[in-house]
Number of protein chains: 2
Amino acid sequence: MKIAILGTGVVGHTVGSKLAQLGHEVRMGSRSSKNEKALKFVKDNEKHRASAGTFEDAAQFCELAFNCTKGSSSLAAMRLCGEEPLQGKILIDLANPLDEKGNIFTPRDDSLGEQIQRELPSTKVVKTLNTVNCSVMIDAAKVPGDHDLFICGNEQAAKDKVSGWLREWFGWKSLIDLGDITGARASESYLALWIRLWNVTKSPNFNVKIVRGS
Amino acid sequence: MKIAILGTGVVGHTVGSKLAQLGHEVRMGSRSSKNEKALKFVKDNEKHRASAGTFEDAAQFCELAFNCTKGSSSLAAMRLCGEEPLQGKILIDLANPLDEKGNIFTPRDDSLGEQIQRELPSTKVVKTLNTVNCSVMIDAAKVPGDHDLFICGNEQAAKDKVSGWLREWFGWKSLIDLGDITGARASESYLALWIRLWNVTKSPNFNVKIVRGS
């Protein structure tokens with residue numbers, strides 16, 4: 001598939017490299033087509049089909065996009081992609097609305113997922129992967145045994161497709177559907193606990209399992 | 001022990017009845033000593049040592065208090081208890097800052113646990129149990145297998161005591177210490193996910209397990 005990785009940070013590199021290794025055509029998008037981190041990504045993946053371009057260029061190129069920008073830059077990045085290039089396409093949003101202190105910046109009755117969906121009304125925004133570290137995102141088995149990933153979005157068919165890709169590409173076995181894109185309020189709010197647990201466990205490689213009672 | 005249950009709702013009844021059955025002297029506190037729900041609690045537990053009184057009366061009476069009021073009423077209730085009657089005592093805060101729509105009403109950089117600790121600076125506020133339904137609070141085995149409860153508070157000795165009671169009285173085996181009372185931001189924020197999961201699982205009898213990777 002032709003996949004856009006929007007954002008040049010560690011998450012974009014990790015997810016983009018994995019997808020390139022799997023044989024996909026991956027274009028990393030950023031503000032400038034000469035972005036140094038994006039060019040390094042291309043070099044790191046020179047054995048695979050990797051390229052770099054502007055946000056708009058990557059958005060136009062792709063069949064599927066991943067929002068890997070920092071939450072505080074995500075809306076600006078989506079605006080630079082433009083609505084038309086992403087029209088009708090699935091955008092997997094794995095960013096979190098964290099400010100520089102690690103605090104969630106969205107109000108309790110909103111979420112970054114919803115903000116992005118409002119910014120791109122004709123794009124199928126699917127929120128998922130945002131509740132685990134990027135090394136776990138691309139390899140669910142980094143955390144042993146059973147554990148759960150959350151997914152939400154307004155279109156069932158888009159969520160079904162994304163669920164299949166998460167299983168096939170990254171090994172995710174158990175996905176919990178939180179409903180429409182407002183479910184992002186739930187999975188993004190969990191980040192407050194995730195960050196605190198990271199401080200306690202001293203490793204970002206953990207996840208949650210929902211244990212059901214009678 | 002002499003235990004105050006502050007609040008007359010389902011959570012107060014459930015926790016108070018369990019403690020009375022275990023042989024503790026339980027006094028349910030509310031705005032009025034003639035509160036009908038509190039008098040029903042006394043009647044329901046007439047075989048045990050249960051009584052009812054005002055918030056201040058219950059606070060004065062007790063060696064240990066549970067805040068079982070609705071989050072939106074908690075600060076007013078703590079004010080009615082007064083600082084002196086709860087001085088030096090442990091207050092287990094299991095409330096959540098939910099408004100009538102089920103939305104969290106505290107800002108992201110504050111929590112109900114912290115607000116209560118600021119209201120009662122000479123009380124040892126320990127936040128715990130707020131991440132599970134009250135039927136699970138008093139019987140961890142309602143959810144099978146391994147799962148985790150979070151605890152936080154400013155005083156280690158108080159958290160150690162509470163951990164022991166949770167184990168002995170309610171069967172909690174695995175507690176994760178989130179640090180000082182600001183950890184309440186994390187466990188209270190998780191409620192947004194808890195409520196969404198409740199909608200999905202259709203049962204409130206579930207909990208999370210933190211699964212650690214390498």
# chains A, B, ... in the order shown; residues from 1 in each chain; ligands from 1
$ interface_residues --of "chain A" --to "chain B" --cutoff "10 Å" --atoms "only C-alpha atoms" --output "ChimeraX atom specification"
/A:103-109,136,140-148,150,176-179,182-201,203-214
$ select_by_dssp --residues "chain B" --states "helix (DSSP H, G or I)" --output "ChimeraX atom specification"
/B:10-21,36-44,55-61,71-81,84-86,112-119,134-137,140-142,156-170,181-201
$ residues_around --residues "Lys37 of chain B" --least-positions-apart "3" --cutoff "12 Å" --atoms "only C-alpha atoms" --output "PyMOL selection string"
chain B and resi 7-10+12-13+28-34+40-44+51-53
$ write_last_selection --atoms "C-alpha atoms" --output "tab-separated table (two decimals), in the first residue's frame"
chain	number	residue	atom	x	y	z
B	7	GLY	CA	-22.41	9.72	52.07
B	8	THR	CA	-25.67	7.77	51.86
B	9	GLY	CA	-25.73	6.56	48.24
B	10	VAL	CA	-25.30	3.06	46.85
B	12	GLY	CA	-21.86	4.18	51.00
B	13	HIS	CA	-24.43	1.46	51.64
B	28	MET	CA	-23.02	6.78	58.26
B	29	GLY	CA	-22.70	10.56	58.05
B	30	SER	CA	-24.89	12.94	56.09
B	31	ARG	CA	-26.25	16.49	56.23
B	32	SER	CA	-29.00	15.52	58.66
B	33	SER	CA	-28.95	12.93	61.44
B	34	LYS	CA	-32.48	12.01	60.32
B	40	LYS	CA	-32.41	2.62	56.28
B	41	PHE	CA	-28.71	1.71	56.38
B	42	VAL	CA	-28.92	1.36	60.16
B	43	LYS	CA	-32.03	-0.79	59.86
B	44	ASP	CA	-30.50	-2.97	57.12
B	51	SER	CA	-25.45	4.06	63.40
B	52	ALA	CA	-26.22	7.35	61.68
B	53	GLY	CA	-25.31	10.96	62.38
$ atom_distance --atom1 "atom CA of Ser174 of chain B" --atom2 "atom CA of Arg118 of chain B"
28.2 Å
$ atom_distance --atom1 "atom CA of Ala95 of chain B" --atom2 "atom CA of Arg79 of chain B"
15.6 Å
$ closest_residue --among "B:Met78, B:Cys134, B:Ile3, B:Val125" --to "Ile90 of chain B" --atoms "only C-alpha atoms"
B:Val125
$ residues_around --residues "Leu19 of chain B" --least-positions-apart "2" --cutoff "10 Å" --atoms "only C-alpha atoms" --output "list in words"
Met1, Lys2, Ile3, Ile5, His13, Thr14, Val15, Gly16, Ser17, Gln21, Leu22, Gly23, His24, Glu25, Val26, His48, Arg49, Ala50, Ile138, Trp169 and Phe170 of chain B
$ closest_residue --among "A:Leu91, A:Leu6, A:Cys152, A:Ile116" --to "Thr54 of chain A" --atoms "only C-alpha atoms"
A:Leu6
$ select_by_dssp --residues "segment 72-120 of chain A" --states "strand (DSSP E or B)" --output "PyMOL selection string"
chain A and resi 90-93+98+104
